[in-house]
Each structure stands twice: as structure tokens, then as C-alpha cells.
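S.K.: Below is the file run.cif, with mmCIF, C-alpha atoms.
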data_input
loop_
_atom_site.label_atom_id
_atom_site.label_comp_id
_atom_site.auth_asym_id
_atom_site.auth_seq_id
_atom_site.Cartn_x
_atom_site.Cartn_y
_atom_site.Cartn_z
CA MET A 83 92.22 80.11 88.26
CA SER A 84 90.30 80.27 84.99
CA LEU A 85 87.78 82.99 84.13
CA VAL A 86 85.06 80.33 84.05
CA ALA A 87 85.85 79.25 87.61
CA LEU A 88 85.95 82.89 88.73
CA SER A 89 82.59 83.55 87.07
CA LEU A 90 81.06 80.57 88.86
CA SER A 91 82.14 82.06 92.19
CA LEU A 92 79.61 84.84 91.57
CA GLY A 93 77.10 82.25 92.73
CA PHE A 94 78.07 83.23 96.28
CA ILE A 95 76.92 86.78 95.57
CA VAL A 96 73.66 85.51 94.12
CA LEU A 97 73.13 83.48 97.30
CA ALA A 98 73.72 86.56 99.45
CA LEU A 99 71.30 88.58 97.30
CA LEU A 100 68.60 85.93 97.58
CA LEU A 101 69.00 85.74 101.35
CA SER A 102 68.80 89.54 101.59
CA LEU A 103 65.62 89.57 99.48
CA TRP A 104 64.09 86.73 101.46
CA LEU A 105 64.75 88.36 104.82
CA LYS A 106 64.03 91.88 103.46
CA LEU A 107 67.36 93.20 104.72
CA GLY A 108 67.60 95.84 102.01
CA LEU A 109 71.25 95.05 101.30
CA GLU A 110 70.86 94.18 97.61
CA ARG A 111 72.12 97.53 96.28
CA ASP A 112 75.12 97.56 98.63
CA LEU A 113 75.99 93.97 97.70
CA VAL A 114 75.92 94.75 93.98
CA ILE A 115 77.97 97.92 94.43
CA ALA A 116 80.49 96.11 96.64
CA THR A 117 80.83 93.32 94.08
CA PHE A 118 81.48 95.65 91.14
CA ARG A 119 83.75 97.99 93.10
CA SER A 120 85.89 95.19 94.47
CA ALA A 121 86.24 93.60 91.03
CA ILE A 122 87.12 96.86 89.27
CA GLN A 123 89.47 98.08 92.00
CA LEU A 124 91.33 94.77 92.21
CA LEU A 125 91.68 94.52 88.43
CA ILE A 126 93.09 98.03 88.25
CA VAL A 127 95.48 97.33 91.11
CA GLY A 128 96.51 94.07 89.45
CA TYR A 129 97.52 95.80 86.22
CA VAL A 130 99.26 98.62 88.12
CA LEU A 131 101.24 96.15 90.23
CA LYS A 132 102.20 94.18 87.13
CA ALA A 133 103.69 97.35 85.64
CA VAL A 134 105.41 98.36 88.91
CA PHE A 135 106.90 94.89 89.37
CA ALA A 136 108.28 95.02 85.84
CA LEU A 137 109.92 98.43 86.39
CA GLN A 138 111.57 97.54 89.74
CA ASP A 139 111.94 101.25 90.55
CA PRO A 140 112.01 102.31 94.27
CA ILE A 141 110.24 105.57 93.35
CA PHE A 142 107.14 103.64 92.30
CA ASN A 143 107.30 101.69 95.56
CA LEU A 144 107.16 104.99 97.44
CA ILE A 145 104.32 106.31 95.28
CA MET A 146 102.23 103.18 95.88
CA VAL A 147 102.80 103.30 99.64
CA MET A 148 101.97 107.02 99.76
CA LEU A 149 98.78 106.35 97.82
CA MET A 150 97.78 103.63 100.31
CA ILE A 151 98.42 105.95 103.26
CA GLY A 152 96.50 108.79 101.61
CA VAL A 153 93.43 106.65 100.95
CA ALA A 154 93.58 105.16 104.46
CA THR A 155 93.84 108.65 105.97
CA GLN A 156 90.77 109.87 104.12
CA ASN A 157 88.84 106.84 105.33
CA VAL A 158 89.82 107.35 108.99
CA VAL A 159 89.09 111.11 108.86
CA LYS A 160 85.38 110.25 108.81
CA ARG A 161 85.78 108.73 112.29
CA GLY A 162 87.38 111.89 113.61
CA LYS A 163 84.83 114.32 112.25
CA GLY A 164 84.67 117.42 114.41
CA LEU A 165 88.22 117.16 115.72
CA ARG A 166 90.29 120.11 114.55
CA GLY A 167 93.40 119.30 112.56
CA ILE A 168 92.73 115.57 112.75
CA THR A 169 93.70 114.88 109.12
CA TRP A 170 97.41 115.61 109.47
CA ARG A 171 97.48 113.76 112.80
CA ILE A 172 96.08 110.61 111.20
CA LEU A 173 98.46 110.99 108.26
CA ALA A 174 101.41 111.35 110.64
CA ALA A 175 100.41 108.30 112.71
CA LEU A 176 99.95 106.04 109.68
CA SER A 177 103.12 107.30 107.99
CA LEU A 178 105.31 106.91 111.07
CA SER A 179 103.97 103.43 111.76
CA GLU A 180 104.60 102.33 108.18
CA ALA A 181 108.07 103.94 108.10
CA VAL A 182 109.21 102.29 111.35
CA ILE A 183 107.97 98.79 110.49
CA GLN A 184 108.99 98.78 106.83
CA GLY A 185 112.29 100.49 107.63
CA PHE A 186 113.11 97.83 110.21
CA LEU A 187 112.34 95.02 107.75
CA ILE A 188 114.50 96.53 105.03
CA VAL A 189 117.43 97.80 107.13
CA PHE A 190 117.90 94.41 108.80
CA HIS A 191 117.46 92.58 105.47
CA ILE A 192 114.44 90.66 106.71
CA VAL A 193 112.79 91.28 103.33
CA PRO A 194 114.37 92.68 100.16
CA PRO A 195 113.39 96.24 99.10
CA THR A 196 111.60 95.03 95.97
CA PRO A 197 108.01 95.85 94.95
CA GLN A 198 106.97 92.20 95.37
CA TYR A 199 107.65 92.49 99.10
CA VAL A 200 107.35 96.18 99.95
CA ILE A 201 103.94 96.85 98.41
CA PRO A 202 101.98 93.80 99.70
CA ILE A 203 103.47 94.07 103.20
CA SER A 204 102.83 97.82 103.28
CA GLY A 205 99.25 97.19 102.21
CA MET A 206 98.69 94.85 105.15
CA ILE A 207 100.39 97.20 107.61
CA VAL A 208 98.55 100.34 106.44
CA GLY A 209 95.23 98.50 106.18
CA ASN A 210 95.46 97.17 109.72
CA SER A 211 96.68 100.53 111.03
CA MET A 212 93.70 102.20 109.35
CA ILE A 213 91.29 99.96 111.27
CA VAL A 214 93.13 100.58 114.54
CA ALA A 215 93.08 104.35 113.97
CA GLY A 216 89.35 104.33 113.25
CA LEU A 217 88.62 102.27 116.36
CA LEU A 218 90.74 104.59 118.48
CA LEU A 219 88.96 107.75 117.36
CA ASN A 220 85.54 106.15 117.80
CA ARG A 221 86.33 104.91 121.28
CA LEU A 222 88.09 108.11 122.33
CA GLN A 223 85.10 110.27 121.48
CA SER A 224 82.58 107.86 122.99
CA GLU A 225 84.62 107.60 126.21
CA VAL A 226 84.81 111.40 126.44
CA ALA A 227 81.05 111.68 125.99
CA THR A 228 80.43 109.00 128.64
CA ARG A 229 82.93 110.34 131.17
CA LYS A 230 82.40 114.02 130.47
CA GLN A 231 81.54 114.91 134.06
CA GLU A 232 84.64 113.17 135.36
CA ILE A 233 86.85 115.10 132.93
CA LEU A 234 85.17 118.42 133.75
CA LEU A 235 85.59 117.76 137.47
CA LEU A 236 89.31 117.12 137.08
CA LEU A 237 89.66 120.30 135.03
CA SER A 238 87.74 122.32 137.62
CA LEU A 239 90.07 121.07 140.35
CA GLY A 240 93.06 122.45 138.49
CA GLY A 241 94.02 119.40 136.46
CA THR A 242 95.56 119.86 133.04
CA PRO A 243 93.86 118.49 129.90
CA LYS A 244 96.55 115.78 129.79
CA GLN A 245 95.79 114.72 133.36
CA SER A 246 92.01 114.82 132.91
CA ILE A 247 92.09 112.70 129.78
CA ARG A 248 94.71 110.14 130.88
CA HIS A 249 92.36 107.31 131.89
CA VAL A 250 90.04 107.93 128.94
CA LEU A 251 92.96 107.78 126.52
CA LYS A 252 94.26 104.60 128.12
CA GLU A 253 90.88 102.87 127.65
CA ALA A 254 90.69 104.02 124.04
CA LEU A 255 94.21 102.72 123.34
CA ARG A 256 93.38 99.34 124.85
CA ALA A 257 90.11 99.02 122.96
CA SER A 258 91.67 99.91 119.60
CA MET A 259 94.32 97.21 119.92
CA ILE A 260 92.11 94.38 121.19
CA PRO A 261 90.90 93.16 117.73
CA THR A 262 94.48 92.83 116.43
CA ILE A 263 95.64 91.07 119.59
CA ASP A 264 92.64 88.70 119.67
CA SER A 265 93.10 87.87 115.99
CA SER A 266 96.75 87.01 116.64
CA LYS A 267 95.81 84.77 119.57
CA THR A 268 93.56 82.57 117.42
CA ILE A 269 95.59 82.58 114.22
CA GLY A 270 96.12 79.05 112.91
CA LEU A 271 93.39 77.68 115.19
CA VAL A 272 90.33 79.59 114.00
CA GLN A 273 91.67 80.86 110.69
CA LEU A 274 94.47 80.35 108.20
CA PRO A 275 95.55 83.89 107.22
CA GLY A 276 95.38 85.13 103.65
CA MET A 277 99.12 85.39 102.98
CA MET A 278 99.82 81.91 104.31
CA THR A 279 96.85 80.42 102.45
CA GLY A 280 97.88 82.11 99.20
CA GLN A 281 101.42 80.75 99.44
CA ILE A 282 100.21 77.23 100.19
CA ILE A 283 97.76 77.31 97.26
CA ALA A 284 100.62 78.54 95.06
CA GLY A 285 102.62 75.46 96.07
CA ALA A 286 104.97 76.90 98.69
CA ASP A 287 106.25 74.78 101.57
CA PRO A 288 103.80 75.17 104.51
CA ILE A 289 106.63 75.79 107.00
CA GLN A 290 108.05 78.56 104.82
CA ALA A 291 104.54 80.00 104.48
CA VAL A 292 104.19 79.95 108.27
CA ARG A 293 107.44 81.88 108.68
CA TYR A 294 106.26 84.63 106.35
CA GLN A 295 102.90 84.73 108.09
CA LEU A 296 104.57 85.10 111.49
CA LEU A 297 106.54 88.02 110.05
CA ILE A 298 103.24 89.66 109.12
CA VAL A 299 101.64 88.90 112.50
CA PHE A 300 104.54 90.43 114.41
CA SER A 301 104.58 93.45 112.09
CA LEU A 302 100.83 94.04 112.47
CA LEU A 303 101.01 93.85 116.26
CA ALA A 304 103.80 96.43 116.32
CA ALA A 305 102.03 98.64 113.78
CA ALA A 306 98.80 98.50 115.80
CA ALA A 307 100.62 99.61 118.95
CA LEU A 308 102.53 102.37 117.18
CA THR A 309 99.51 103.72 115.31
CA SER A 310 97.26 103.66 118.37
CA ILE A 311 99.76 105.34 120.70
CA ILE A 312 100.97 107.96 118.21
CA LEU A 313 97.46 108.91 117.10
CA GLY A 314 96.15 108.81 120.66
CA PHE A 315 98.68 111.37 121.88
CA LEU A 316 98.32 113.49 118.75
CA ALA A 317 94.50 113.48 118.79
CA SER A 318 93.83 113.98 122.51
CA PRO A 319 94.71 117.72 122.46
CA CYS A 320 91.97 118.17 119.83
CA LEU A 321 89.42 117.49 122.56
CA PHE A 322 90.25 120.84 124.18
CA ASN A 323 90.40 124.45 123.02
CA GLU A 324 93.19 126.97 123.58
CA HIS A 325 91.69 127.81 126.99
CA GLN A 326 92.02 124.16 128.10
CA GLN A 327 88.25 123.69 127.97
CA LEU A 328 86.65 120.44 126.83
CA VAL A 329 85.05 120.97 123.43
CA VAL A 330 84.23 117.41 122.39
CA GLY A 331 81.37 115.61 124.12
CA SER A 332 80.51 118.69 126.21
CA SER A 333 77.42 119.90 124.40
CA ASN A 334 74.94 117.89 126.43
#
Show me, as C-alpha cells, the structure contained in the file I just sent.
M.R.:
Amino acid sequence: MSLVALSLSLGFIVLALLLSLWLKLGLERDLVIATFRSAIQLLIVGYVLKAVFALQDPIFNLIMVMLMIGVATQNVVKRGKGLRGITWRILAALSLSEAVIQGFLIVFHIVPPTPQYVIPISGMIVGNSMIVAGLLLNRLQSEVATRKQEILLLLSLGGTPKQSIRHVLKEALRASMIPTIDSSKTIGLVQLPGMMTGQIIAGADPIQAVRYQLLIVFSLLAAAALTSIILGFLASPCLFNEHQQLVVGSSN
């Protein structure tokens, strides 16, 4: 794509700005910031990846993946505000999910351990896991607030924190995974995914592109399940204090 063609695509942003002004949505500033940030961030990443691909050093692969996980963790932490020790729990969930999925792909020679494969696939896995983790923490805290009396009743009857939170945790786990599952159900019918579309535009055989996309779909489903379950069991103890008393959602 030429720079001229790319510049013309800014017309879509202008359209969005005009619609925001017309309807008085007040989104003009956010649209401009999002446009500049996305352009600058992607350009920086593009140059970094070009250098990493040229070096072909596994150490740089690890550094890039760790950077992705670190940024994703900081983003999800906002959703778990108020939960003690939630940062390392999110970091552990994202790291374990990435390690299991990427390790499986490399150990069984499904993809080669080169930057061209490891970094893009890791980006998709960590990005999707980040969304799942955020949804889980949001739903977990909202469920606790809604079902506070039920949890307190179970605790008062001698139930342990684990027993009192079991059904709440199960609902949170289900809710966090639904978007990934629903997206997988409609893939190819409602949307052509980014990786597959990019390969087709680049001239790859559509069947080969489909195979790679299926690899990503299966990986994302597994990563969503792993991230949700690991973080769910790590985060649920944060809802209680050392005396097994509910401390989240119990102020009202």
C-alpha cells in the first residue's frame, strides 16, 4: 500500500469526526488521540519488529512477549482495582496461558520458533487473554455485589470462602469466555479474521490461510479457558480477608 492510499484512508476518520460533531457525541478529542496513538504505536512496533526479524535471536522473542504480557497486565489491573495482590495474579494467569499455548505449538513443531511466528501469535494470544481477564474481574466483582447476601448467608452457616463463592465464580468464568466462543462460532460467516484476510491480500492460497486461521482460533479458545480459570481461582481469595470475611461488595 502506498503512502498516498494510506493518507486517503484518513477520510474514514474525518467521517467519524463529522458524525460526532453532528450528533454532539463529544468524541472528537478521543478520535483524534486514538488516530495518532495507533499510528505512532504501530509505526514504532513495525520498526522494532523489522529489527527483531533481522536478528533472529530467541532472546528478543522473549523480551517482546514479556513486554506484551506486562502491558496487558497493567491494562487488566484497572479492572481489579481494590483487590489485594491482583497484579501478580493477573501476570501469572497471562504468563501461564501464553507459556502453555506457545510451548505446545513449538514443542510439537506446529510453528517454527522464529520471530515471524512467535511474536504475532503471542500478540493475538495475550491480547485475547487480556480481554478475557478484564471481563472475568468485572463480572466477578459485579456478581459478588449482586449476590452478597447469598455469600454472607453461606459463610454464616459455616461454609468456607471457597464454598460460598463457587457459584459466583462459575458464572464469572462462563461470562468471560462467552465473547471468544461466540466469535469462534460465527467466524467465516459474519467475519473474515484479520490473519486470514492479511494472508489472502498478500497472495497466499485461501485454503492455507484458513489452516493458519484455524490454528489461531483453536489457540485463542484454549487461551481464553486457561486465563479465565487460572485467574478466577487466583483472584477469588482476594474477595475475603484473613478471617474469611467478605471484603469486596460488602460495604452496602
S.K.: Of the candidates A:Pro243, A:Gly216, A:Gly93, A:Pro288, which one gets nearest to Thr155 in chain A if we count all atoms listed in the file?
M.R.: A:Gly216
S.K.: On this file, the PyMOL selection byres ((chain A and resi 304) around 12) gives some set of residues; write that set as a ChimeraX atom specification.
M.R.: /A:178-184,186,207-208,210-211,214,259,262-263,266,297-303,305-311
S.K.: Emit the selected residues as a CSV table (one decimal), in the coordinates of the input, including C-alpha atoms.
M.R.:
chain,number,residue,atom,x,y,z
A,178,LEU,CA,105.3,106.9,111.1
A,179,SER,CA,104.0,103.4,111.8
A,180,GLU,CA,104.6,102.3,108.2
A,181,ALA,CA,108.1,103.9,108.1
A,182,VAL,CA,109.2,102.3,111.4
A,183,ILE,CA,108.0,98.8,110.5
A,184,GLN,CA,109.0,98.8,106.8
A,186,PHE,CA,113.1,97.8,110.2
A,207,ILE,CA,100.4,97.2,107.6
A,208,VAL,CA,98.6,100.3,106.4
A,210,ASN,CA,95.5,97.2,109.7
A,211,SER,CA,96.7,100.5,111.0
A,214,VAL,CA,93.1,100.6,114.5
A,259,MET,CA,94.3,97.2,119.9
A,262,THR,CA,94.5,92.8,116.4
A,263,ILE,CA,95.6,91.1,119.6
A,266,SER,CA,96.8,87.0,116.6
A,297,LEU,CA,106.5,88.0,110.0
A,298,ILE,CA,103.2,89.7,109.1
A,299,VAL,CA,101.6,88.9,112.5
A,300,PHE,CA,104.5,90.4,114.4
A,301,SER,CA,104.6,93.4,112.1
A,302,LEU,CA,100.8,94.0,112.5
A,303,LEU,CA,101.0,93.8,116.3
A,305,ALA,CA,102.0,98.6,113.8
A,306,ALA,CA,98.8,98.5,115.8
A,307,ALA,CA,100.6,99.6,119.0
A,308,LEU,CA,102.5,102.4,117.2
A,309,THR,CA,99.5,103.7,115.3
A,310,SER,CA,97.3,103.7,118.4
A,311,ILE,CA,99.8,105.3,120.7
S.K.: Just to confirm, what's the straight-line distance from CA of Arg161 in chain A to CA of Lys244 in chain A in Å (one decimal)?
M.R.: 21.7 Å
S.K.: Just give me the gap between CA of Ile283 in chain A and CA of Ser84 in chain A in Å, one decimal is fine.
M.R.: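 Interatomic distance, CA of Ile283 in chain A to CA of Ser84 in chain A: 14.7 Å.
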S.K.: Please indicate the distance in Å from CA of Leu124 in chain A to CA of Ser265 in chain A, rounded to one decimal place.
M.R.: 24.8 Å
S.K.: Check the smallest atom-to-atom distance from each of A:Ile168, A:Ser258, A:Met278, A:Leu103 to Arg293 in chain A using all atoms listed in the file, then report the winner.
M.R.: A:Met278
S.K.: Please output range 124-147 of chain A, rebuilt to include N, CA, C and O atoms, as an mmCIF file, in the frame of the given file.
M.R.:
data_model
loop_
_atom_site.group_PDB
_atom_site.id
_atom_site.type_symbol
_atom_site.label_atom_id
_atom_site.label_comp_id
_atom_site.auth_asym_id
_atom_site.auth_seq_id
_atom_site.Cartn_x
_atom_site.Cartn_y
_atom_site.Cartn_z
ATOM 1 N N LEU A 124 90.293 95.795 92.189
ATOM 2 C CA LEU A 124 91.330 94.770 92.210
ATOM 3 C C LEU A 124 91.952 94.568 90.828
ATOM 4 O O LEU A 124 93.164 94.345 90.718
ATOM 5 N N LEU A 125 91.138 94.648 89.785
ATOM 6 C CA LEU A 125 91.680 94.520 88.430
ATOM 7 C C LEU A 125 92.635 95.659 88.109
ATOM 8 O O LEU A 125 93.719 95.451 87.537
ATOM 9 N N ILE A 126 92.223 96.875 88.482
ATOM 10 C CA ILE A 126 93.090 98.030 88.250
ATOM 11 C C ILE A 126 94.404 97.885 89.017
ATOM 12 O O ILE A 126 95.498 98.086 88.465
ATOM 13 N N VAL A 127 94.293 97.509 90.294
ATOM 14 C CA VAL A 127 95.480 97.330 91.110
ATOM 15 C C VAL A 127 96.373 96.226 90.537
ATOM 16 O O VAL A 127 97.608 96.331 90.527
ATOM 17 N N GLY A 128 95.746 95.167 90.044
ATOM 18 C CA GLY A 128 96.510 94.070 89.450
ATOM 19 C C GLY A 128 97.358 94.521 88.280
ATOM 20 O O GLY A 128 98.554 94.187 88.193
ATOM 21 N N TYR A 129 96.773 95.306 87.384
ATOM 22 C CA TYR A 129 97.520 95.800 86.220
ATOM 23 C C TYR A 129 98.593 96.810 86.643
ATOM 24 O O TYR A 129 99.698 96.833 86.075
ATOM 25 N N VAL A 130 98.274 97.647 87.632
ATOM 26 C CA VAL A 130 99.260 98.620 88.120
ATOM 27 C C VAL A 130 100.452 97.894 88.741
ATOM 28 O O VAL A 130 101.615 98.226 88.468
ATOM 29 N N LEU A 131 100.162 96.899 89.576
ATOM 30 C CA LEU A 131 101.240 96.150 90.230
ATOM 31 C C LEU A 131 102.084 95.390 89.205
ATOM 32 O O LEU A 131 103.308 95.288 89.359
ATOM 33 N N LYS A 132 101.450 94.885 88.177
ATOM 34 C CA LYS A 132 102.200 94.180 87.130
ATOM 35 C C LYS A 132 103.216 95.121 86.482
ATOM 36 O O LYS A 132 104.370 94.742 86.237
ATOM 37 N N ALA A 133 102.782 96.358 86.236
ATOM 38 C CA ALA A 133 103.690 97.350 85.640
ATOM 39 C C ALA A 133 104.793 97.751 86.611
ATOM 40 O O ALA A 133 105.963 97.859 86.232
ATOM 41 N N VAL A 134 104.425 97.955 87.892
ATOM 42 C CA VAL A 134 105.410 98.360 88.910
ATOM 43 C C VAL A 134 106.440 97.256 89.128
ATOM 44 O O VAL A 134 107.645 97.521 89.244
ATOM 45 N N PHE A 135 105.978 96.012 89.177
ATOM 46 C CA PHE A 135 106.900 94.890 89.370
ATOM 47 C C PHE A 135 107.882 94.778 88.208
ATOM 48 O O PHE A 135 109.040 94.418 88.394
ATOM 49 N N ALA A 136 107.406 95.104 87.022
ATOM 50 C CA ALA A 136 108.280 95.020 85.840
ATOM 51 C C ALA A 136 109.338 96.119 85.857
ATOM 52 O O ALA A 136 110.474 95.907 85.426
ATOM 53 N N LEU A 137 108.989 97.303 86.380
ATOM 54 C CA LEU A 137 109.920 98.430 86.390
ATOM 55 C C LEU A 137 110.993 98.290 87.470
ATOM 56 O O LEU A 137 112.125 98.723 87.286
ATOM 57 N N GLN A 138 110.630 97.720 88.630
ATOM 58 C CA GLN A 138 111.570 97.540 89.740
ATOM 59 C C GLN A 138 112.233 98.865 90.145
ATOM 60 O O GLN A 138 113.436 98.928 90.394
ATOM 61 N N ASP A 139 111.430 99.931 90.211
ATOM 62 C CA ASP A 139 111.940 101.250 90.550
ATOM 63 C C ASP A 139 111.470 101.631 91.960
ATOM 64 O O ASP A 139 110.257 101.656 92.223
ATOM 65 N N PRO A 140 112.394 101.946 92.895
ATOM 66 C CA PRO A 140 112.010 102.310 94.270
ATOM 67 C C PRO A 140 111.054 103.499 94.332
ATOM 68 O O PRO A 140 110.262 103.611 95.270
ATOM 69 N N ILE A 141 111.132 104.403 93.364
ATOM 70 C CA ILE A 141 110.240 105.570 93.350
ATOM 71 C C ILE A 141 108.783 105.133 93.269
ATOM 72 O O ILE A 141 107.912 105.684 93.951
ATOM 73 N N PHE A 142 108.518 104.124 92.444
ATOM 74 C CA PHE A 142 107.140 103.640 92.300
ATOM 75 C C PHE A 142 106.688 102.914 93.569
ATOM 76 O O PHE A 142 105.505 102.927 93.897
ATOM 77 N N ASN A 143 107.636 102.274 94.258
ATOM 78 C CA ASN A 143 107.300 101.690 95.560
ATOM 79 C C ASN A 143 106.780 102.769 96.496
ATOM 80 O O ASN A 143 105.748 102.616 97.163
ATOM 81 N N LEU A 144 107.518 103.878 96.557
ATOM 82 C CA LEU A 144 107.160 104.990 97.440
ATOM 83 C C LEU A 144 105.810 105.589 97.048
ATOM 84 O O LEU A 144 104.983 105.897 97.911
ATOM 85 N N ILE A 145 105.585 105.745 95.750
ATOM 86 C CA ILE A 145 104.320 106.310 95.280
ATOM 87 C C ILE A 145 103.146 105.421 95.679
ATOM 88 O O ILE A 145 102.105 105.911 96.148
ATOM 89 N N MET A 146 103.306 104.107 95.517
ATOM 90 C CA MET A 146 102.230 103.180 95.880
ATOM 91 C C MET A 146 101.937 103.225 97.369
ATOM 92 O O MET A 146 100.777 103.232 97.789
ATOM 93 N N VAL A 147 102.987 103.258 98.181
ATOM 94 C CA VAL A 147 102.800 103.300 99.640
ATOM 95 C C VAL A 147 102.142 104.612 100.053
ATOM 96 O O VAL A 147 101.231 104.627 100.897
#
